[in-house]
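Trainee: Shown below is the structure under consideration.
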Amino acid sequence: MHLTTRGNCTAALGAALVAVALPVFAQESGDAARGHVVAKQLCTSCHAIERGETRSPNDAAPAFPTVASIPGMTALALHATLQTTHRDMPNVMLEPEDQWNVVAYILSLK
């Protein structure tokens with residue numbers, strides 16, 4: 001009887017973890033086309049955002065294609081970067097969906 005209860009708890013915990021993780025993984029994919037629109041609206045005053053652009057309007061702001069080509073760059077790393085304040089970057093508050101969309105757009109530039 002003790003093993004069954006423990007097994008049920010383990011199964012319930014596993015199911016709960018999957019239920020919590022699925023929206024996060026689904027959201028990580030983002031929509032690159034929507035991210036491009038958001039980037040055009042919010043990022044172009046400082047960053048070069050288009051494929052092939054290498055020089056940003058603000059020399060301290062890296063071009064999105066350059067960011068995308070950083071070895072090991074991942075969606076999670078970009079998402080964390082967008083949530084972190086930077087000395088030379090305005091504190092841009094994006095909705096979570098917009099963040100994942102911008103991340104998807106940047107990664108599409110690889």
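Identifiers for the structure tokens are assigned positionally: chains receive A, B, ... in sequence, residues are indexed from 1 per chain, and ligands are indexed from 1 in the order shown.
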Give me the residues within 12 Å of Val38 in chain A as a PyMOL selection string, counting only C-alpha atoms and dropping any in the same chain fewer than 5 places off.

Mentor: chain A and resi 31-33+43-44+49+92-95+97-106

Trainee: How about saving the chosen residues, C-alpha atoms kept, as a compact mmCIF listing (two decimals), in the first residue's frame?

Mentor:
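New file result_16.txt:
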# COMPACT_ATOMS: atom_id res chain seq x y z
CA ASP A 31 6.68 33.87 -34.17
CA ALA A 32 9.58 35.39 -36.10
CA ALA A 33 7.33 37.50 -38.36
CA CYS A 43 14.57 48.41 -31.57
CA THR A 44 15.58 50.15 -34.80
CA ILE A 49 17.67 44.49 -37.13
CA VAL A 92 12.12 48.10 -22.58
CA MET A 93 9.20 46.21 -21.06
CA LEU A 94 7.94 43.61 -23.52
CA GLU A 95 5.00 41.31 -22.94
CA GLU A 97 4.72 36.80 -26.06
CA ASP A 98 6.51 39.75 -27.67
CA GLN A 99 9.77 38.72 -26.01
CA TRP A 100 9.57 35.21 -27.46
CA ASN A 101 8.60 36.61 -30.85
CA VAL A 102 11.60 38.97 -30.91
CA VAL A 103 13.82 36.09 -29.82
CA ALA A 104 12.43 33.94 -32.64
CA TYR A 105 13.11 36.75 -35.10
CA ILE A 106 16.69 37.24 -33.93

Trainee: Using only C-alpha atoms, which residues sit within 12 Å of Thr54 in chain A once same-chain residues fewer than 3 positions away are excluded, as a ChimeraX atom specification?

Mentor: /A:47-51,57-59,61-69,109

Trainee: Have a look at CA of Gly72 in chain A and CA of Ser29 in chain A and let me know their distance in Å, one decimal.

Mentor: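 Those two atoms sit 16.7 Å apart.
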
Trainee: How far is it from CA of Leu42 in chain A to CA of Ala75 in chain A, in Å with one decimal?

Mentor: 19.1 Å

Trainee: Just give me the gap between CA of His79 in chain A and CA of His36 in chain A in Å, one decimal is fine.

Mentor: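 It comes out at 15.2 Å.
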
Trainee: Considering only C-alpha atoms, state which residue in the set A:Cys46, A:Leu76, A:Ser56, A:Leu107 is at the smallest distance from Asp88 in chain A.

Mentor: A:Cys46
